[in-house]
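Asker: For reference, the structure I am asking about is given below.
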Amino acid sequence: MPKLPVFGTVGLAYGFVFRNLGTMYRLCWFPILVSTIPDIAPAESLASGWSPGLPALTFRLVIDVVVFLVQSFLTAMALVAIHRVILFGDRQPGRYFLFNVGRAEFYFTAVPAVLQFSIIVTGLVAFAVIRPPPFGQVAVSGGLVLVLFLGLSAVWLLGTWAICRLIAFYPLIVVRERLPFADAWHLSRGNFWRILGVVVCASLPIVVVMSAAGLFALPAVLSGTIPGEVAALPLISGVAGVLLGVVLGIPLLALGVAVLCYCFKALAGYAPDAIVHSTPEDSP
C-alpha cells in the first residue's frame, strides 16, 4: 500500500482552503446559513410556545430530531460539493444557491444519524439493564474512578483507531455513491500512524488559534467589558452563532474535507491534482 506523506498532505489541505476560499463560500454559504438559522429560535422556545396535543418533552424531542436531520442534510450538501471540487474538479461555476439532493447527500446524512441513534439506544439499554443507584447514593472510590477512566480511555482509543482506518470513507461515498466500509478499511491498511499524524498536524493550528482567541477574550469577559445582559440576549447570541457558523464554519468544513480527500488520493495512488474517474482498484 502507498505510504501517506504526512506533512505533504497537511500542506495540500491548507493550500486548497486558501486558494479556493471564494469558491467554498460561493458553494456553501446558502446551505450552511439555512442550517444555522435554528440557532436563533432554539427548540426550547418552540416547545414552550406551542404543542399540538403532545407532552412538552415529547414535542421537544420531535423538534430536536427534525432539526438535527434537516441541519445534517443541509450540511451534507455543502460537504458533498467540497468533495466534488477536490475529487472531480467540479466547481459548479456561476452557481450561488446550492441545493442538491442525491444519493451521496443521503448517505452523508444517514450515516451520522444512524450512528448517533445507535449510541443513544445502546446507552439507554445499558442503563436499563444495569439500573445504577441514584448518583448521590453511589460511593465514589479510587477503584471506581480508575475503572471509569480506563473504560472511557479504551472507548476513545478504539474510536480514534476506527476513524483513522475509515479516513477514505466519505470520499469513496462521493466516488461510488454507496457505503464502502470494506474498501475504505482496505485503503488505510498499514497507514494508521501516518493518518493520525495528518489529523493531529492539521488540527493543531486551529486549536492554537482558537485557544489564543479565547485567552484574548477572557479578560474582557471577566472585567465586564461585555455587558452580561446584552451577552445573554438569546436573539443576539443566536445571530452571532449564525454569523460564526457561516464565516468560520465554511473554511473549517473545507479543511476537514480537504484532509479526507487528499488522504484518499494518496492512499489510492492518485496525484494530488488528479481528477478521480475510476475506483481505487483501477487508479493509476
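All residue names refer to the C-alpha cells as shown: chains lettered A, B, ... in order, residues numbered from 1 in each chain, ligands numbered from 1 in order.
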If you count only C-alpha atoms, which residues fall within 8 Å of range 192-201 of chain A, apart from same-chain ones fewer than 6 positions away, as a list in words?
Answerer: Lys3, Leu4, Pro5, Val6, Phe7, Thr9, Val10, Trp161, Cys164, Arg165, Ile167, Val259 and Cys263 of chain A
Asker: Can you tell me how far CA of Pro93 in chain A sits from CA of Met24 in chain A, in Å to one decimal?
Answerer: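 According to the coordinates, CA of Pro93 in chain A and CA of Met24 in chain A are separated by 11.5 Å.
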Asker: Which neighbours of Pro31 in chain A fall inside 12 Å, counting only C-alpha atoms, when residues of the same chain fewer than 6 positions from it are skipped, and could you give them as a list of chain:residue names?
Answerer: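 My list of contacting residues is A:Met24, A:Tyr25, A:Ile37, A:Val70, A:Gln71, A:Ser72, A:Phe73, A:Leu74, A:Thr75, A:Ala76, A:Met77, A:Ala78, A:Leu79, A:Val80, A:Ala81, A:Tyr96, A:Phe97, A:Leu98, A:Phe99, A:Asn100, A:Val101, A:Val242, A:Gly245, A:Val246, A:Gly249, A:Ile250.
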Asker: So the first atom is CA of Pro2 in chain A and the second is CA of Asp90 in chain A; what is the distance between them in Å, to one decimal place?
Answerer: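 Rounded to one decimal, the two atoms are 26.1 Å apart.
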Asker: What is the distance, in Å and to one decimal place, between CA of Phe68 in chain A and CA of Val17 in chain A?
Answerer: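 Result for CA of Phe68 in chain A versus CA of Val17 in chain A: 26.8 Å, one decimal.
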Asker: Can you tell me, as a ChimeraX atom specification, what residues are no more than 12 Å from Leu172 in chain A when counting only C-alpha atoms, ignoring any on the same chain fewer than 6 positions away?
Answerer: /A:80,83-84,87,104,107-108,166,178-187,260-265,267-268,276-281
Asker: Using only C-alpha atoms, determine which residues lie at most 9 Å from Arg95 in chain A, disregarding the query and same-chain residues fewer than 3 positions distant; provide the list as a short mmCIF file (atom, residue, chain, number, x, y, z; two decimals) with N, CA and C atoms, in the first residue's frame.
Answerer:
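Writing the result to result38.cif gives the following:
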```cif
data_model
loop_
_atom_site.label_atom_id
_atom_site.label_comp_id
_atom_site.auth_asym_id
_atom_site.auth_seq_id
_atom_site.Cartn_x
_atom_site.Cartn_y
_atom_site.Cartn_z
N ARG A 26 -18.92 30.58 -2.06
CA ARG A 26 -19.95 30.64 -3.09
C ARG A 26 -20.82 29.39 -3.09
N LEU A 27 -20.21 28.23 -2.93
CA LEU A 27 -20.97 26.99 -2.97
C LEU A 27 -21.70 26.68 -1.67
N ARG A 91 -16.37 22.69 -9.90
CA ARG A 91 -16.55 23.94 -9.16
C ARG A 91 -17.93 24.55 -9.36
N GLN A 92 -18.74 23.99 -10.21
CA GLN A 92 -20.08 24.48 -10.48
C GLN A 92 -20.06 25.99 -10.72
N LEU A 98 -26.72 26.72 -3.68
CA LEU A 98 -26.54 25.27 -3.79
C LEU A 98 -27.68 24.55 -3.09
#
```
